[in-house]
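Colleague: File follows, structure.csv with CSV, C-alpha atoms (C1' of nucleotides):
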chain,number,residue,atom,x,y,z
B,1,MET,CA,26.7,83.9,106.4
B,2,GLN,CA,27.3,85.5,103.0
B,3,ILE,CA,28.2,83.9,99.7
B,4,ASN,CA,30.6,85.6,97.4
B,5,VAL,CA,29.8,84.2,94.0
B,6,ASP,CA,32.7,85.8,92.1
B,7,HIS,CA,35.3,84.6,94.6
B,8,SER,CA,33.8,81.1,94.6
B,9,ILE,CA,33.5,80.6,90.9
B,10,ASN,CA,36.8,82.3,90.3
B,11,SER,CA,38.9,80.1,92.5
B,12,GLY,CA,39.9,77.3,90.2
B,13,GLN,CA,37.2,74.8,91.1
B,14,VAL,CA,35.1,75.0,88.0
B,15,PHE,CA,35.8,75.7,84.4
B,16,LEU,CA,32.5,75.8,82.4
B,17,TRP,CA,31.0,78.9,83.9
B,18,GLU,CA,30.4,82.2,82.2
B,19,LYS,CA,29.3,85.6,83.3
B,20,PHE,CA,26.6,87.5,81.4
B,21,GLY,CA,26.4,91.1,82.3
B,22,THR,CA,27.4,92.1,85.8
B,23,LYS,CA,25.5,89.7,88.0
B,24,LYS,CA,24.5,86.5,86.2
B,25,TRP,CA,26.7,83.4,86.1
B,26,TYR,CA,25.7,80.4,84.0
B,27,GLY,CA,27.5,77.1,84.5
B,28,VAL,CA,27.5,73.6,83.2
B,29,ASN,CA,27.1,71.0,85.9
B,30,GLY,CA,26.8,67.5,84.4
B,31,ALA,CA,23.4,67.1,82.8
B,32,ASP,CA,22.3,70.4,84.2
B,33,ILE,CA,22.8,74.1,83.6
B,34,LEU,CA,22.8,76.4,86.6
B,35,LEU,CA,22.1,80.1,86.9
B,36,VAL,CA,23.4,82.1,89.8
B,37,ASP,CA,22.3,85.7,90.2
B,38,GLU,CA,24.7,87.6,92.5
B,39,SER,CA,21.9,89.6,93.9
B,40,ASN,CA,20.4,86.5,95.3
B,41,PRO,CA,22.9,83.6,95.3
B,42,LYS,CA,20.8,81.4,97.6
B,43,LYS,CA,18.2,80.9,94.8
B,44,VAL,CA,20.2,78.9,92.2
B,45,GLN,CA,18.1,78.3,89.1
B,46,SER,CA,18.5,75.1,87.2
B,47,TYR,CA,17.7,73.8,83.7
B,48,GLN,CA,16.7,70.5,85.3
B,49,LYS,CA,14.8,72.2,88.1
B,50,SER,CA,17.0,70.3,90.5
B,51,SER,CA,18.3,71.4,93.9
B,52,CYS,CA,22.0,70.5,94.0
B,53,ASP,CA,23.1,72.8,96.9
B,54,LEU,CA,25.9,74.3,94.7
B,55,PHE,CA,27.2,76.4,97.6
B,56,ARG,CA,27.1,73.6,100.2
B,57,GLU,CA,24.7,75.7,102.3
B,58,LYS,CA,24.2,72.7,104.5
B,59,ASP,CA,27.8,73.0,105.7
B,60,ASP,CA,27.9,75.0,108.9
B,61,PHE,CA,30.0,77.7,107.3
B,62,ASP,CA,30.5,79.8,110.5
B,63,LYS,CA,31.6,76.8,112.4
B,64,ILE,CA,33.9,75.6,109.7
B,65,ILE,CA,35.5,79.1,109.4
B,66,LYS,CA,36.0,79.1,113.2
B,67,THR,CA,37.5,75.6,113.1
B,68,ILE,CA,40.0,76.3,110.4
B,69,SER,CA,41.1,79.7,111.7
B,70,LYS,CA,44.2,78.2,113.2
B,71,ASP,CA,46.8,80.8,112.4
B,72,LYS,CA,47.5,84.3,111.1
B,73,ILE,CA,47.9,83.3,107.5
B,74,ILE,CA,44.7,81.5,107.1
B,75,LYS,CA,42.8,84.2,109.0
B,76,LYS,CA,44.2,86.7,106.6
B,77,ALA,CA,43.1,84.7,103.6
B,78,ILE,CA,39.6,84.3,105.1
B,79,LYS,CA,39.4,88.0,105.8
B,80,GLU,CA,40.6,88.9,102.3
B,81,PHE,CA,38.1,86.6,100.5
B,82,PRO,CA,35.0,86.5,102.6
B,83,GLY,CA,32.2,84.3,101.3
B,84,LEU,CA,34.5,82.1,99.3
B,85,ARG,CA,32.8,78.7,99.2
B,86,LEU,CA,33.6,75.2,98.1
B,87,LEU,CA,31.2,74.3,95.3
B,88,ARG,CA,29.5,70.9,95.0
B,89,GLN,CA,30.1,69.7,91.5
B,90,ASP,CA,28.8,66.9,89.3
B,91,PRO,CA,31.2,64.0,90.0
B,92,PHE,CA,31.7,62.8,86.4
B,93,GLN,CA,32.3,66.3,85.1
B,94,CYS,CA,34.7,67.0,88.0
B,95,TYR,CA,36.5,63.7,87.4
B,96,ILE,CA,37.1,64.4,83.7
B,97,SER,CA,37.8,68.1,84.2
B,98,PHE,CA,40.7,67.5,86.6
B,99,ILE,CA,42.2,64.8,84.5
B,100,VAL,CA,42.2,67.3,81.7
B,101,SER,CA,43.7,69.9,84.0
B,102,ALA,CA,47.0,68.1,84.6
B,103,ASN,CA,50.0,70.1,83.5
B,104,SER,CA,47.8,72.7,81.9
B,105,ASN,CA,46.4,76.1,82.7
B,106,ILE,CA,42.9,77.4,83.4
B,107,GLN,CA,42.4,79.0,80.0
B,108,ASN,CA,43.5,75.9,78.2
B,109,ILE,CA,41.5,73.5,80.4
B,110,ARG,CA,38.4,75.6,79.9
B,111,HIS,CA,38.8,75.7,76.1
B,112,THR,CA,39.3,71.9,75.9
B,113,LEU,CA,36.3,71.2,78.1
B,114,GLN,CA,34.2,73.5,76.0
B,115,ARG,CA,35.1,71.6,72.9
B,116,LEU,CA,34.5,68.3,74.6
B,117,ALA,CA,31.0,69.5,75.6
B,118,LYS,CA,30.2,70.8,72.2
B,119,LYS,CA,31.3,67.7,70.4
B,120,PHE,CA,29.9,65.1,72.8
B,121,GLY,CA,27.2,66.9,74.9
B,122,ASP,CA,23.6,67.6,74.2
B,123,LYS,CA,22.6,71.1,73.2
B,124,VAL,CA,19.9,72.7,75.3
B,125,THR,CA,18.3,76.1,75.6
B,126,PHE,CA,17.9,77.6,79.0
B,127,ASP,CA,16.9,81.2,79.8
B,128,LYS,CA,16.9,81.8,76.0
B,129,LYS,CA,20.6,80.9,75.8
B,130,GLU,CA,22.2,77.8,74.2
B,131,PHE,CA,24.4,75.5,76.2
B,132,TYR,CA,26.0,72.1,75.8
B,133,LEU,CA,25.6,69.7,78.7
B,134,PHE,CA,28.6,67.8,79.9
B,135,PRO,CA,29.0,64.6,78.0
B,136,GLU,CA,27.7,61.4,79.5
B,137,PRO,CA,30.3,58.7,80.4
B,138,LYS,CA,29.3,56.4,77.5
B,139,ARG,CA,29.8,59.1,74.9
B,140,LEU,CA,33.3,59.7,76.0
B,141,ALA,CA,34.0,56.0,76.5
B,142,SER,CA,33.1,55.3,72.9
B,143,ALA,CA,34.9,58.4,71.4
B,144,THR,CA,37.6,57.8,68.9
B,145,LYS,CA,41.2,58.9,69.6
B,146,ALA,CA,41.0,61.3,66.7
B,147,GLU,CA,37.8,62.9,68.0
B,148,LEU,CA,39.3,63.4,71.4
B,149,LEU,CA,42.5,64.8,69.9
B,150,SER,CA,40.5,67.3,68.0
B,151,CYS,CA,39.4,68.8,71.3
B,152,GLY,CA,43.0,69.6,72.2
B,153,LEU,CA,43.5,66.9,74.8
B,154,GLY,CA,46.9,65.9,73.5
B,155,TYR,CA,48.4,63.1,75.5
B,156,ARG,CA,45.5,63.2,77.9
B,157,ALA,CA,43.2,61.8,75.2
B,158,PRO,CA,43.7,58.2,76.3
B,159,PHE,CA,43.3,59.2,80.0
B,160,VAL,CA,39.9,60.6,79.3
B,161,LYS,CA,38.7,57.7,77.3
B,162,ASP,CA,40.0,55.2,79.8
B,163,ALA,CA,38.5,57.1,82.8
B,164,ALA,CA,35.1,57.2,81.1
B,165,ILE,CA,35.3,53.5,80.4
B,166,GLN,CA,36.0,52.8,84.1
B,167,VAL,CA,32.8,54.6,85.0
B,168,VAL,CA,30.7,52.9,82.3
B,169,ASP,CA,32.0,49.5,83.4
B,170,GLY,CA,31.2,50.2,87.0
B,171,TRP,CA,34.8,50.1,88.4
B,172,ILE,CA,34.4,53.7,89.4
B,173,ASP,CA,31.0,54.3,91.1
B,174,PHE,CA,30.7,57.8,92.4
B,175,ASP,CA,27.8,57.1,94.8
B,176,HIS,CA,29.9,54.3,96.3
B,177,LEU,CA,32.9,56.6,96.6
B,178,LYS,CA,30.8,59.2,98.4
B,179,LYS,CA,30.0,56.7,101.1
B,180,ALA,CA,33.5,55.4,101.4
B,181,ASP,CA,36.0,57.2,103.6
B,182,TYR,CA,38.7,59.5,102.2
B,183,HIS,CA,41.5,57.0,102.0
B,184,ALA,CA,39.5,54.2,100.5
B,185,ALA,CA,37.9,56.5,97.9
B,186,LYS,CA,41.3,58.0,97.0
B,187,GLU,CA,42.8,54.6,96.6
B,188,SER,CA,40.1,53.7,94.0
B,189,LEU,CA,40.6,56.9,92.1
B,190,ILE,CA,44.4,56.6,91.9
B,191,GLN,CA,43.9,53.3,90.1
B,192,VAL,CA,42.6,55.2,87.1
B,193,TYR,CA,45.1,55.9,84.4
B,194,GLY,CA,45.7,59.6,84.4
B,195,ILE,CA,44.8,60.2,88.0
B,196,GLY,CA,47.5,60.9,90.6
B,197,ASN,CA,47.5,62.3,94.1
B,198,LYS,CA,46.6,65.9,93.2
B,199,VAL,CA,43.8,65.1,90.7
B,200,ALA,CA,42.3,62.5,93.0
B,201,ASP,CA,42.2,65.1,95.8
B,202,CYS,CA,40.5,67.6,93.6
B,203,ILE,CA,37.8,65.1,92.7
B,204,LEU,CA,37.3,64.1,96.3
B,205,LEU,CA,37.1,67.6,97.6
B,206,PHE,CA,34.9,69.2,94.9
B,207,SER,CA,32.5,66.4,94.1
B,208,LEU,CA,32.7,63.5,96.6
B,209,GLU,CA,32.2,65.1,100.0
B,210,LYS,CA,35.7,64.6,101.3
B,211,LEU,CA,36.4,67.9,103.0
B,212,GLU,CA,39.7,66.7,104.4
B,213,ALA,CA,41.1,66.4,100.9
B,214,PHE,CA,43.8,69.0,100.3
B,215,PRO,CA,45.0,69.0,96.7
B,216,LEU,CA,48.7,69.8,96.7
B,217,ASP,CA,49.4,71.5,93.4
B,218,ARG,CA,52.2,73.9,92.3
B,219,TRP,CA,50.5,76.9,93.7
B,220,ILE,CA,49.6,75.4,97.1
B,221,ILE,CA,53.2,74.2,97.4
B,222,ARG,CA,54.4,77.7,96.6
B,223,SER,CA,52.0,79.1,99.2
B,224,LEU,CA,53.1,76.6,101.9
B,225,GLN,CA,56.8,77.4,101.2
B,226,GLN,CA,56.1,81.1,101.3
B,227,TYR,CA,53.7,81.3,104.3
B,228,TYR,CA,54.5,78.2,106.3
B,229,PRO,CA,58.3,77.7,105.8
B,230,GLN,CA,58.6,76.3,109.4
B,231,ARG,CA,55.5,74.2,109.8
B,232,PHE,CA,55.2,72.6,106.4
B,233,SER,CA,58.7,72.4,105.2
B,234,PHE,CA,59.9,69.7,102.8
B,235,GLU,CA,63.0,68.9,101.0
B,236,GLY,CA,63.7,68.5,97.3
B,237,LYS,CA,61.9,69.9,94.3
B,238,THR,CA,59.6,67.0,93.4
B,239,ILE,CA,56.9,65.8,95.6
B,240,THR,CA,56.9,62.1,95.8
B,241,ASP,CA,54.1,59.8,96.9
B,242,LYS,CA,55.4,59.5,100.4
B,243,LYS,CA,56.0,63.2,100.8
B,244,TYR,CA,52.5,64.0,99.6
B,245,ARG,CA,51.1,61.6,102.1
B,246,LEU,CA,53.2,63.0,104.9
B,247,LEU,CA,52.5,66.6,104.1
B,248,HIS,CA,48.8,65.8,103.9
B,249,GLU,CA,48.9,64.3,107.4
B,250,GLN,CA,50.6,67.3,108.8
B,251,ILE,CA,48.0,69.6,107.2
B,252,VAL,CA,45.0,67.7,108.5
B,253,GLN,CA,46.7,67.7,111.9
B,254,HIS,CA,47.0,71.4,111.8
B,255,PHE,CA,43.8,72.5,110.1
B,256,GLY,CA,41.5,69.7,111.1
B,257,PRO,CA,38.8,67.8,109.2
B,258,TYR,CA,37.8,70.8,107.1
B,259,ALA,CA,41.3,71.3,105.7
B,260,GLY,CA,39.9,71.4,102.1
B,261,TYR,CA,38.3,74.8,102.8
B,262,CYS,CA,41.8,76.1,103.8
B,263,GLN,CA,43.2,74.9,100.5
B,264,GLN,CA,40.6,76.9,98.7
B,265,PHE,CA,41.4,80.1,100.6
B,266,LEU,CA,45.2,79.6,100.3
B,267,PHE,CA,44.9,78.8,96.6
B,268,LYS,CA,42.8,81.9,96.0
B,269,MET,CA,45.2,84.1,98.0
B,270,ILE,CA,48.4,83.0,96.4
B,271,ARG,CA,47.0,83.2,92.8
B,272,GLU,CA,45.6,86.7,93.4
B,273,ALA,CA,48.9,87.8,94.9
B,274,ASN,CA,50.5,86.7,91.7
B,275,GLN,CA,47.8,88.3,89.5
B,276,LYS,CA,46.8,85.2,87.8
B,277,ASN,CA,43.7,85.1,85.6
B,278,TRP,CA,40.5,83.2,86.2
B,279,LEU,CA,37.6,82.5,84.0
Y,1,DT,C1',61.4,53.4,97.3
Y,2,DA,C1',63.2,57.9,95.2
Y,3,DC,C1',64.3,60.6,91.4
Y,4,DT,C1',64.0,62.3,86.3
Y,5,DA,C1',62.7,63.2,81.8
Y,6,DA,C1',59.1,63.3,78.4
Y,7,DC,C1',54.7,64.7,77.3
Y,8,DC,C1',50.1,67.6,73.8
Y,9,DT,C1',48.7,72.2,73.3
Y,10,DG,C1',48.4,77.1,73.6
Y,11,DT,C1',50.2,81.4,74.8
Y,12,DA,C1',53.4,84.7,76.7
Y,13,DC,C1',57.7,86.4,76.5
Y,14,DG,C1',62.7,87.6,74.6
E,1,DA,C1',59.4,86.5,63.3
E,2,DC,C1',60.7,82.4,65.8
E,3,DG,C1',62.5,79.8,69.5
E,4,DT,C1',61.9,78.9,74.3
E,5,DA,C1',59.6,78.5,78.6
E,6,DC,C1',55.9,77.3,81.2
E,7,DA,C1',51.2,75.9,82.8
E,8,DG,C1',46.6,73.8,89.0
E,9,DG,C1',50.7,66.5,87.0
E,10,DT,C1',51.2,61.8,85.7
E,11,DT,C1',53.5,58.0,83.9
E,12,DA,C1',57.2,55.2,82.6
E,13,DG,C1',61.9,54.0,83.3
Any chance you could give the structure as structure tokens?

Modeller:
Amino acid sequence: MQINVDHSINSGQVFLWEKFGTKKWYGVNGADILLVDESNPKKVQSYQKSSCDLFREKDDFDKIIKTISKDKIIKKAIKEFPGLRLLRQDPFQCYISFIVSANSNIQNIRHTLQRLAKKFGDKVTFDKKEFYLFPEPKRLASATKAELLSCGLGYRAPFVKDAAIQVVDGWIDFDHLKKADYHAAKESLIQVYGIGNKVADCILLFSLEKLEAFPLDRWIIRSLQQYYPQRFSFEGKTITDKKYRLLHEQIVQHFGPYAGYCQQFLFKMIREANQKNWL
DNA sequence: TACTAACCTGTACG
DNA sequence: ACGTACAGGTTAG
């Protein structure tokens, strides 16, 4: 089954990627830089010469697509954006990125993360280009408030520092969370100052192997209201803890254990329909 | 438990 | 120009 690099990178999962020319994407992934050439996406090159399975090629994509094709809407989304994949990200980078993403927009998130990487990450040269690796936990944990504010974090500055400290101190252990089940892992993440339901689900889906995670953000809510007014209806404007849980249960019941893939297709579709910008 | 307002920052709109 | 709204939410009350 094919991989569509553009669709996958431009679907709100990652922020520190940049296209050079018409075919080459370079991206920061933790302590690594990745290079994806659209003419051969299965050969991802890496600064660390590591094999990270960026496109989750070990997932049985055909089977997953079959499993999640439960209704007309999702079939349309899959047809409209073929080869859209979930990307497997570095957990710490993903964790910080989505804390930074709260109540912000893609351009802003990207800019802030770039400044964080430049200020706290190591500079490396790869394929004759310069990059800044994503900062290590200890660097962010020991950052001063003023340094973090200078990156444009605003009120999220203490969130980022505290979240990094949780990792350094071992209260958040990504290898452990990968092995835990969805609910247990989510419960741990929610404890972190600055992480709520939505951010936790992003981290779980994009970096901790929890494919039943289904981040419910503004756009997905909009898409559910627009496309599934009967099936996933809910009252009120705000989405409370309880409503979030209930809605997630209904979603997994409908789409099954790979619901996270559906979220990605629906998110891509609703944003494209509203002509929103990507990277 | 459920609901609201306030919140840094940057940009797009009138 | 300059105010206002809003953006992939979360927290505190």

Colleague: Skip DG9 in chain E itself and residues of its chain fewer than 3 positions away, then list as a ChimeraX atom specification all residues within 12 Å of it, counting only C-alpha atoms (C1' of nucleotides).

Modeller: /B:98-105,156,194-200,215-218,238-240 /Y:7

Colleague: Write out, as a Markdown table, each residue of chain B that has an atom at most 7 Å from chain Y, together with the closest pair of atoms and their distance in Å to one decimal, counting only C-alpha atoms (C1' of nucleotides), rows going by chain and rising number.

Modeller:
| residue | atom | partner | partner_atom | distance |
| --- | --- | --- | --- | --- |
| B:Asn108 | CA | Y:DG10 | C1' | 6.8 |
| B:Gly152 | CA | Y:DT9 | C1' | 6.4 |
| B:Leu153 | CA | Y:DC8 | C1' | 6.7 |
| B:Gly154 | CA | Y:DC8 | C1' | 3.6 |
| B:Tyr155 | CA | Y:DC8 | C1' | 5.1 |

Colleague: Select from chain E every residue with an atom at most 10 Å from any atom of chain B, then for each give the shortest pair of atoms and their distance in Å to one decimal, using all atoms listed in the file, rows by chain and rising number, as CSV.

Modeller:
residue,atom,partner,partner_atom,distance
E:DC6,C1',B:Ser104,CA,9.3
E:DA7,C1',B:Ser104,CA,4.8
E:DG8,C1',B:Asp217,CA,5.7
E:DG9,C1',B:Ala102,CA,4.7
E:DT10,C1',B:Gly194,CA,6.1
E:DT11,C1',B:Gly194,CA,8.0

Colleague: Quick one: distance from CA of Ala77 in chain B to CA of Leu266 in chain B in Å, one decimal?

Modeller: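 Distance reported for this atom pair: 6.4 Å.
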
Colleague: Name the closest residue to Val192 in chain B among the candidates B:Phe131, B:Phe20, B:Phe234, B:Tyr95; distances are taken between atoms, counting all atoms listed in the file.

Modeller: B:Tyr95

Colleague: Rounded to one decimal, what separation in Å do you get between CA of Leu224 in chain B and CA of Ile74 in chain B?

Modeller: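 Rounded to one decimal, the two atoms are 11.0 Å apart.
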
Colleague: Using Å and a single decimal, report how far CA of Gln93 in chain B sits from CA of His111 in chain B.

Modeller: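 CA of Gln93 in chain B lies at a distance of 14.5 Å from CA of His111 in chain B.
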
Colleague: Considering all atoms listed in the file, return as a list in words whatever protein or nucleic-acid residues lie within 7 Å of range 38-43 of chain B, sequence-local ones (same chain, fewer than 4 positions apart) excluded.

Modeller: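 The residues satisfying every condition are Ile3, Val5, Lys23 and Lys24 of chain B.
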
Colleague: For Arg88 in chain B, list every protein, DNA or RNA residue within 10 Å, evaluated using only C-alpha atoms (C1' of nucleotides), and leave out those in the same chain fewer than 2 positions away; present the list as an mmCIF file with C-alpha atoms, in the frame of the given file.

Modeller:
data_model
loop_
_atom_site.group_PDB
_atom_site.id
_atom_site.type_symbol
_atom_site.label_atom_id
_atom_site.label_comp_id
_atom_site.auth_asym_id
_atom_site.auth_seq_id
_atom_site.Cartn_x
_atom_site.Cartn_y
_atom_site.Cartn_z
ATOM 1 C CA GLN B 13 37.200 74.800 91.100
ATOM 2 C CA VAL B 14 35.100 75.000 88.000
ATOM 3 C CA ASN B 29 27.100 71.000 85.900
ATOM 4 C CA CYS B 52 22.000 70.500 94.000
ATOM 5 C CA ASP B 53 23.100 72.800 96.900
ATOM 6 C CA LEU B 54 25.900 74.300 94.700
ATOM 7 C CA PHE B 55 27.200 76.400 97.600
ATOM 8 C CA ARG B 56 27.100 73.600 100.200
ATOM 9 C CA GLU B 57 24.700 75.700 102.300
ATOM 10 C CA ARG B 85 32.800 78.700 99.200
ATOM 11 C CA LEU B 86 33.600 75.200 98.100
ATOM 12 C CA ASP B 90 28.800 66.900 89.300
ATOM 13 C CA PRO B 91 31.200 64.000 90.000
ATOM 14 C CA CYS B 94 34.700 67.000 88.000
ATOM 15 C CA LEU B 205 37.100 67.600 97.600
ATOM 16 C CA PHE B 206 34.900 69.200 94.900
ATOM 17 C CA SER B 207 32.500 66.400 94.100
ATOM 18 C CA LEU B 208 32.700 63.500 96.600
ATOM 19 C CA GLU B 209 32.200 65.100 100.000
#

Colleague: From the list B:Gln253, B:Gln230, B:Asn10, B:Gln2, which residue is nearest Lys276 in chain B when using only C-alpha atoms?

Modeller: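 That would be B:Asn10, the residue with the smallest distance to Lys276 in chain B.
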